[in-house]
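For reference, coords.tsv is printed below; it contains TSV, C-alpha atoms.
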chain	number	residue	atom	x	y	z
O	1	MET	CA	-134.06	130.09	-20.27
O	2	GLY	CA	-132.63	130.16	-16.73
O	3	LYS	CA	-136.04	131.13	-15.29
O	4	GLU	CA	-137.74	128.19	-17.06
O	5	ILE	CA	-135.20	125.73	-15.62
O	6	GLN	CA	-135.71	127.20	-12.18
O	7	GLN	CA	-139.51	126.78	-12.49
O	8	VAL	CA	-139.17	123.13	-13.57
O	9	PHE	CA	-136.75	122.52	-10.70
O	10	GLN	CA	-139.17	124.20	-8.28
O	11	ARG	CA	-142.16	122.13	-9.45
O	12	LYS	CA	-140.16	118.94	-9.10
O	13	PHE	CA	-139.47	119.73	-5.47
O	14	ASP	CA	-142.84	121.21	-4.48
O	15	LYS	CA	-143.73	118.08	-2.49
O	16	VAL	CA	-140.30	118.06	-0.81
O	17	ASN	CA	-140.77	121.74	0.06
O	18	SER	CA	-144.15	121.06	1.63
O	19	ILE	CA	-142.62	118.27	3.74
O	20	VAL	CA	-139.67	120.43	4.83
O	21	ASP	CA	-142.05	123.31	5.63
O	22	LYS	CA	-144.31	120.98	7.61
O	23	TYR	CA	-141.35	120.33	9.90
O	24	GLU	CA	-140.50	124.04	10.11
O	25	ARG	CA	-137.17	123.56	8.29
O	26	LYS	CA	-135.60	122.44	11.55
O	27	VAL	CA	-132.49	120.27	11.46
O	28	SER	CA	-133.76	118.49	14.57
O	29	ASN	CA	-136.60	117.12	12.39
O	30	LEU	CA	-134.28	115.67	9.75
O	31	ILE	CA	-135.20	112.02	10.42
O	32	ALA	CA	-138.94	112.77	10.27
O	33	ILE	CA	-138.41	114.74	7.05
O	34	LEU	CA	-136.50	111.85	5.46
O	35	GLN	CA	-139.12	109.34	6.61
O	36	GLU	CA	-141.90	111.31	4.96
O	37	ILE	CA	-139.89	111.85	1.77
O	38	GLN	CA	-139.19	108.13	1.59
O	39	ALA	CA	-142.90	107.39	2.05
O	40	GLU	CA	-143.59	109.69	-0.91
O	41	TYR	CA	-140.87	108.43	-3.30
O	42	ARG	CA	-140.35	104.90	-1.83
O	43	TYR	CA	-136.63	105.73	-1.51
O	44	LEU	CA	-134.38	108.75	-1.01
O	45	PRO	CA	-133.24	110.11	-4.39
O	46	GLU	CA	-129.77	111.66	-4.30
O	47	GLU	CA	-130.91	115.00	-5.73
O	48	VAL	CA	-133.63	115.21	-3.08
O	49	LEU	CA	-131.10	114.68	-0.28
O	50	THR	CA	-128.97	117.51	-1.66
O	51	TYR	CA	-132.06	119.70	-1.92
O	52	VAL	CA	-133.04	118.93	1.71
O	53	ALA	CA	-129.51	119.85	2.85
O	54	THR	CA	-129.77	123.19	1.05
O	55	ALA	CA	-133.28	123.83	2.41
O	56	LEU	CA	-132.13	123.14	5.98
O	57	GLY	CA	-128.85	125.04	5.57
O	58	ILE	CA	-126.66	122.07	6.48
O	59	PRO	CA	-123.91	120.23	4.59
O	60	PRO	CA	-125.11	117.47	2.23
O	61	ALA	CA	-122.74	115.09	4.06
O	62	THR	CA	-124.87	115.45	7.19
O	63	VAL	CA	-128.04	114.44	5.35
O	64	TYR	CA	-126.26	111.57	3.57
O	65	GLY	CA	-124.80	110.43	6.89
O	66	VAL	CA	-128.26	110.12	8.45
O	67	ALA	CA	-129.76	108.53	5.32
O	68	THR	CA	-127.06	105.87	5.11
O	69	PHE	CA	-126.71	105.20	8.86
O	70	TYR	CA	-130.30	104.09	9.55
O	71	THR	CA	-131.42	100.86	7.90
O	72	GLN	CA	-134.98	102.17	7.53
O	73	PHE	CA	-133.78	104.43	4.72
O	74	SER	CA	-133.07	103.25	1.21
O	75	MET	CA	-130.97	104.94	-1.45
O	76	LYS	CA	-132.34	102.54	-4.08
O	77	PRO	CA	-135.91	102.56	-5.43
O	78	LYS	CA	-138.20	100.09	-3.68
O	79	GLY	CA	-141.32	98.40	-4.90
O	80	LYS	CA	-144.87	99.23	-3.97
O	81	TYR	CA	-145.02	95.95	-2.06
O	82	ILE	CA	-142.05	95.31	0.22
O	83	ILE	CA	-141.93	91.64	1.12
O	84	LYS	CA	-139.74	90.86	4.12
O	85	VAL	CA	-138.73	87.29	4.83
O	86	CYS	CA	-137.38	86.77	8.34
O	87	ASP	CA	-134.16	84.78	8.57
O	88	GLY	CA	-133.67	84.98	12.32
O	89	THR	CA	-132.76	81.78	14.13
O	90	ALA	CA	-136.34	80.57	14.71
O	91	CYS	CA	-137.34	81.28	11.11
O	92	HIS	CA	-134.12	79.92	9.66
O	93	VAL	CA	-134.45	76.53	11.38
O	94	ARG	CA	-138.01	76.37	10.05
O	95	HIS	CA	-136.73	76.75	6.47
O	96	SER	CA	-137.29	80.44	5.72
O	97	GLU	CA	-134.78	80.09	2.87
O	98	LYS	CA	-137.44	78.12	0.93
O	99	LEU	CA	-139.74	81.13	1.25
O	100	ARG	CA	-137.07	83.51	0.03
O	101	TYR	CA	-136.32	81.21	-2.92
O	102	LEU	CA	-140.03	81.07	-3.83
O	103	VAL	CA	-140.37	84.87	-3.84
O	104	ARG	CA	-137.26	85.25	-5.99
O	105	GLU	CA	-138.43	82.61	-8.45
O	106	LYS	CA	-141.98	83.97	-8.71
O	107	LEU	CA	-140.88	87.60	-9.15
O	108	GLY	CA	-137.76	87.03	-11.26
O	109	LEU	CA	-135.33	88.29	-8.62
O	110	ASP	CA	-131.86	87.10	-7.60
O	111	ASP	CA	-128.94	88.02	-5.33
O	112	SER	CA	-128.07	91.05	-7.47
O	113	LYS	CA	-131.66	92.22	-8.02
O	114	ASP	CA	-134.09	92.67	-5.13
O	115	THR	CA	-136.71	94.88	-6.85
O	116	THR	CA	-138.78	94.10	-9.92
O	117	ASP	CA	-138.24	96.29	-12.99
O	118	ASP	CA	-141.75	97.75	-12.74
O	119	LEU	CA	-141.12	98.74	-9.09
O	120	GLY	CA	-144.04	96.57	-8.05
O	121	PHE	CA	-142.18	94.36	-5.56
O	122	THR	CA	-139.07	94.38	-3.40
O	123	LEU	CA	-137.73	91.39	-1.47
O	124	GLU	CA	-135.80	91.97	1.74
O	125	THR	CA	-134.27	89.48	4.12
O	126	VAL	CA	-134.40	90.66	7.73
O	127	SER	CA	-132.65	89.33	10.81
O	128	CYS	CA	-135.70	89.32	13.07
O	129	ILE	CA	-139.27	90.51	12.84
O	130	GLY	CA	-139.93	89.85	16.53
O	131	ALA	CA	-142.56	87.16	16.03
O	132	CYS	CA	-140.45	84.07	16.70
O	133	GLY	CA	-143.46	82.09	17.95
O	134	LEU	CA	-144.97	82.39	14.46
O	135	ALA	CA	-141.83	81.28	12.59
O	136	PRO	CA	-141.27	81.33	9.70
O	137	VAL	CA	-142.67	84.82	9.22
O	138	VAL	CA	-143.19	87.02	6.16
O	139	THR	CA	-144.48	90.60	6.16
O	140	VAL	CA	-145.86	92.73	3.36
O	141	ASN	CA	-145.30	96.49	3.77
O	142	ASP	CA	-144.94	95.96	7.53
O	143	ASP	CA	-148.78	96.02	7.79
O	144	GLU	CA	-149.55	92.41	7.09
O	145	VAL	CA	-147.80	89.67	9.05
O	146	TYR	CA	-148.01	86.11	7.82
O	147	GLY	CA	-146.92	83.54	10.38
O	148	GLN	CA	-146.12	79.84	10.08
O	149	MET	CA	-145.74	80.32	6.34
O	150	THR	CA	-145.23	77.47	3.96
O	151	PRO	CA	-144.15	77.83	0.33
O	152	GLU	CA	-147.68	76.85	-0.72
O	153	ALA	CA	-149.34	79.50	1.46
O	154	LEU	CA	-146.83	82.15	0.38
O	155	ALA	CA	-147.49	81.31	-3.29
O	156	ILE	CA	-151.18	82.10	-2.71
O	157	VAL	CA	-150.32	85.44	-1.03
O	158	LEU	CA	-147.96	86.36	-3.88
O	159	ASP	CA	-150.52	85.40	-6.55
O	160	GLU	CA	-153.09	87.65	-4.84
O	161	LEU	CA	-150.63	90.57	-4.70
O	162	ILE	CA	-149.59	90.08	-8.33
O	163	ALA	CA	-153.26	89.97	-9.44
O	164	LYS	CA	-154.05	93.09	-7.38
O	165	GLU	CA	-151.07	94.98	-8.84
O	166	SER	CA	-151.98	93.88	-12.38
O	167	ALA	CA	-155.60	95.02	-11.95
O	168	GLU	CA	-154.47	98.39	-10.57
O	169	GLN	CA	-152.06	98.82	-13.47
O	170	GLN	CA	-154.78	98.03	-16.02
O	171	THR	CA	-157.14	100.50	-14.37
O	172	LYS	CA	-154.44	103.16	-14.43
O	173	GLU	CA	-153.70	102.51	-18.12
O	174	GLN	CA	-157.40	102.66	-19.02
O	175	GLN	CA	-157.75	105.94	-17.11
O	176	GLU	CA	-154.75	107.42	-18.92
O	177	LYS	CA	-156.19	106.27	-22.26
O	178	SER	CA	-159.57	107.84	-21.59
O	179	ASP	CA	-157.91	111.06	-20.40
O	180	GLN	CA	-156.01	111.28	-23.69
O	181	ARG	CA	-159.01	110.53	-25.92
O	182	PRO	CA	-160.26	113.87	-27.30
O	183	ALA	CA	-163.99	114.54	-27.38
O	184	ARG	CA	-165.40	115.67	-30.73
O	185	ASN	CA	-166.83	119.17	-30.84
O	186	GLY	CA	-167.08	119.28	-27.08
O	187	GLN	CA	-169.33	116.20	-27.03
O	188	ALA	CA	-168.80	112.87	-25.39
O	189	GLY	CA	-166.81	110.38	-27.44
O	190	GLU	CA	-168.02	107.01	-28.64
O	191	SER	CA	-167.13	104.04	-26.49
O	192	ASP	CA	-164.48	101.54	-27.59
O	193	ASP	CA	-167.07	98.84	-28.17
O	194	GLY	CA	-168.97	101.02	-30.69
O	195	LYS	CA	-172.23	100.74	-28.74
O	196	GLY	CA	-172.89	104.39	-28.21
O	197	CYS	CA	-171.49	107.44	-26.57
O	198	GLN	CA	-169.86	107.86	-23.20
O	199	GLY	CA	-171.12	110.31	-20.67
O	200	CYS	CA	-174.66	110.57	-22.11

Using structure tokens, write down the structure from this file.
Amino acid sequence: MGKEIQQVFQRKFDKVNSIVDKYERKVSNLIAILQEIQAEYRYLPEEVLTYVATALGIPPATVYGVATFYTQFSMKPKGKYIIKVCDGTACHVRHSEKLRYLVREKLGLDDSKDTTDDLGFTLETVSCIGACGLAPVVTVNDDEVYGQMTPEALAIVLDELIAKESAEQQTKEQQEKSDQRPARNGQAGESDDGKGCQGC
């Protein structure tokens, strides 16, 4: 039984191992290792931090210290889409709080909950994005910057993201369904609409 548990544990951390190996298991690469792990998991799970400490031969407190010191790291799961609303001075005086309120209302978030239950979206308030001339500013995953945002324009962006996420989720569910559907006698199965076989 002990060997089976060890194999399950090993499989769970195969990706972490490949990341640690990529950085030659050097303590000097700890930040880069944590960045890549966070990109993979969208946060830093506690058991992964302990595993990294063991793999690097350093105390877990050292890894936790780095993970909790830098604001780029998160110990809580984040959504696929991270929406950042700037609340720096320029954005604040141009009513960025209305944008934050809109995101919370549209996604069902509040002060105690900044990530949707399905891990689709996370809302963050940041002090400054560095685009004061475009205030108020909103970013999505740090790739897309939306300047001079209004609640109306942000509602359109959110609706597009929600529709995109919903379509991706439906595609994923359909794929899982078709993967689970057994073929009869090694032949292609009939389609859901009853109009013939698939894969002919």

With distances taken over all atoms listed in the file, the candidate from O:Gly79, O:Pro136, O:Pro60, O:Pro151 nearest Leu99 (chain O) is O:Pro151

For CA of Thr122 (chain O) and CA of Leu49 (chain O), the interatomic separation in Å (one decimal):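 According to the coordinates, CA of Thr122 (chain O) and CA of Leu49 (chain O) are separated by 22.0 Å.
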
My list of candidates is O:Ile58, O:Val52, O:Cys128, O:Ile82. Which is closest to Ile33 (chain O) when distances are computed with all atoms listed in the file?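 Smallest separation from Ile33 (chain O) among the options: O:Val52.
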
Residue with smallest distance to Leu161 (chain O) - pool O:Asn29, O:Thr50, O:Gln174, O:Asn141, counting only C-alpha atoms: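 Ranked by minimum distance to Leu161 (chain O), first place goes to O:Asn141.
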
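With CA of Ala39 (chain O) on one side and CA of Lys15 (chain O) on the other, the separation reads 11.6 Å.
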
Using all atoms listed in the file for the distances, tell me which of O:Thr125, O:Thr116, O:Gln175, O:Thr68 is nearest to Arg100 (chain O).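 Closest to Arg100 (chain O), using all atoms listed in the file: O:Thr125.
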
Figure out the distance between CA of Arg42 (chain O) and CA of Lys80 (chain O), please, to one decimal in Å.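 Computing the Euclidean distance for CA of Lys80 (chain O) and CA of Arg42 (chain O) yields 7.6 Å.
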
Minimum-distance residue to Glu97 (chain O), chosen among O:Met75, O:Val66, O:Leu30, O:Val138 (using all atoms listed in the file): O:Val138

Residue list as a list in words for point (-144.8, 92.9, 3.0), cut-off 6 Å, only C-alpha atoms: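 Using only C-alpha atoms, the matching residues come out as Tyr81, Ile82, Ile83, Lys84, Thr139, Val140, Asn141 and Asp142 of chain O.
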
Could you name the residues that touch region 101-106 of chain O at 9 Å or less, counting all atoms listed in the file, but leaving out those on the same chain fewer than 6 positions away, as JSON, numbers by chain? {"O": [83, 114, 123, 151, 154, 155, 158, 159]}

Have a look at O:Ala135, O:Gly120, O:Lys78, O:Val85 and name the one nearest to Lys164 (chain O); count all atoms listed in the file.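 Once distances to Lys164 (chain O) are computed over all atoms listed in the file, the minimum belongs to O:Gly120.
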
Show which residues sit within 8 Å of Cys91 (chain O), as a count of residues only. Count all atoms listed in the file, and ignore same-chain residues fewer than 3 positions away. 10

Pull C-alpha atoms for region 63-152 of chain O from the block and write them as a CSV table (one decimal), in the first residue's frame.
chain,number,residue,atom,x,y,z
O,63,VAL,CA,9.7,29.0,0.6
O,64,TYR,CA,6.7,30.4,2.4
O,65,GLY,CA,8.6,33.5,3.2
O,66,VAL,CA,9.3,34.2,-0.4
O,67,ALA,CA,5.7,33.2,-1.5
O,68,THR,CA,4.1,35.5,1.1
O,69,PHE,CA,6.5,38.5,0.7
O,70,TYR,CA,6.0,39.2,-3.0
O,71,THR,CA,2.5,40.4,-4.0
O,72,GLN,CA,2.8,38.6,-7.4
O,73,PHE,CA,2.2,35.3,-5.6
O,74,SER,CA,-1.1,34.1,-4.3
O,75,MET,CA,-1.8,31.5,-1.7
O,76,LYS,CA,-5.5,31.4,-2.8
O,77,PRO,CA,-6.8,30.0,-6.0
O,78,LYS,CA,-7.3,32.6,-8.7
O,79,GLY,CA,-9.6,32.6,-11.7
O,80,LYS,CA,-8.7,32.0,-15.3
O,81,TYR,CA,-9.4,35.7,-16.0
O,82,ILE,CA,-7.9,38.1,-13.5
O,83,ILE,CA,-9.6,41.4,-13.7
O,84,LYS,CA,-7.6,44.3,-12.1
O,85,VAL,CA,-9.3,47.6,-11.5
O,86,CYS,CA,-6.8,50.4,-10.8
O,87,ASP,CA,-7.7,52.6,-7.8
O,88,GLY,CA,-4.7,54.9,-7.9
O,89,THR,CA,-5.3,58.6,-7.5
O,90,ALA,CA,-6.0,59.3,-11.2
O,91,CYS,CA,-8.3,56.3,-11.6
O,92,HIS,CA,-10.0,57.0,-8.2
O,93,VAL,CA,-10.9,60.6,-9.0
O,94,ARG,CA,-12.4,59.3,-12.3
O,95,HIS,CA,-14.7,56.9,-10.4
O,96,SER,CA,-12.9,53.6,-10.6
O,97,GLU,CA,-15.1,52.4,-7.7
O,98,LYS,CA,-18.1,52.3,-10.1
O,99,LEU,CA,-16.1,49.8,-12.2
O,100,ARG,CA,-15.2,47.7,-9.2
O,101,TYR,CA,-18.8,47.7,-8.1
O,102,LEU,CA,-20.0,46.6,-11.6
O,103,VAL,CA,-17.5,43.7,-11.7
O,104,ARG,CA,-18.6,42.5,-8.3
O,105,GLU,CA,-22.3,42.8,-9.2
O,106,LYS,CA,-22.0,41.0,-12.5
O,107,LEU,CA,-19.8,38.2,-11.2
O,108,GLY,CA,-21.5,37.8,-7.8
O,109,LEU,CA,-18.5,38.9,-5.8
O,110,ASP,CA,-18.1,41.0,-2.6
O,111,ASP,CA,-15.6,42.1,-0.1
O,112,SER,CA,-15.1,38.6,1.3
O,113,LYS,CA,-15.1,36.8,-2.0
O,114,ASP,CA,-12.9,37.9,-4.9
O,115,THR,CA,-13.0,34.8,-7.0
O,116,THR,CA,-16.0,33.1,-8.6
O,117,ASP,CA,-16.8,29.6,-7.4
O,118,ASP,CA,-16.0,28.1,-10.8
O,119,LEU,CA,-12.6,29.7,-10.7
O,120,GLY,CA,-13.5,31.6,-13.9
O,121,PHE,CA,-12.8,35.1,-12.7
O,122,THR,CA,-10.9,37.0,-10.0
O,123,LEU,CA,-11.3,40.7,-9.2
O,124,GLU,CA,-8.3,42.6,-7.8
O,125,THR,CA,-8.0,46.2,-6.8
O,126,VAL,CA,-4.5,47.6,-7.5
O,127,SER,CA,-2.9,50.8,-6.4
O,128,CYS,CA,-1.5,51.8,-9.8
O,129,ILE,CA,-1.2,50.1,-13.2
O,130,GLY,CA,1.1,52.9,-14.5
O,131,ALA,CA,-1.3,54.2,-17.2
O,132,CYS,CA,-2.6,57.3,-15.4
O,133,GLY,CA,-3.2,59.1,-18.7
O,134,LEU,CA,-5.8,56.4,-19.6
O,135,ALA,CA,-7.6,56.6,-16.2
O,136,PRO,CA,-9.7,54.8,-15.2
O,137,VAL,CA,-7.9,51.6,-16.3
O,138,VAL,CA,-8.9,47.9,-16.1
O,139,THR,CA,-6.7,45.0,-17.2
O,140,VAL,CA,-7.5,41.4,-17.9
O,141,ASN,CA,-4.7,38.9,-17.2
O,142,ASP,CA,-2.2,41.8,-17.5
O,143,ASP,CA,-2.3,41.3,-21.3
O,144,GLU,CA,-5.3,43.4,-22.2
O,145,VAL,CA,-5.4,47.0,-21.0
O,146,TYR,CA,-8.7,48.9,-21.2
O,147,GLY,CA,-8.3,52.7,-20.7
O,148,GLN,CA,-10.8,55.4,-20.1
O,149,MET,CA,-13.3,52.7,-19.0
O,150,THR,CA,-16.9,53.5,-18.3
O,151,PRO,CA,-19.3,51.1,-16.6
O,152,GLU,CA,-21.1,50.6,-19.9
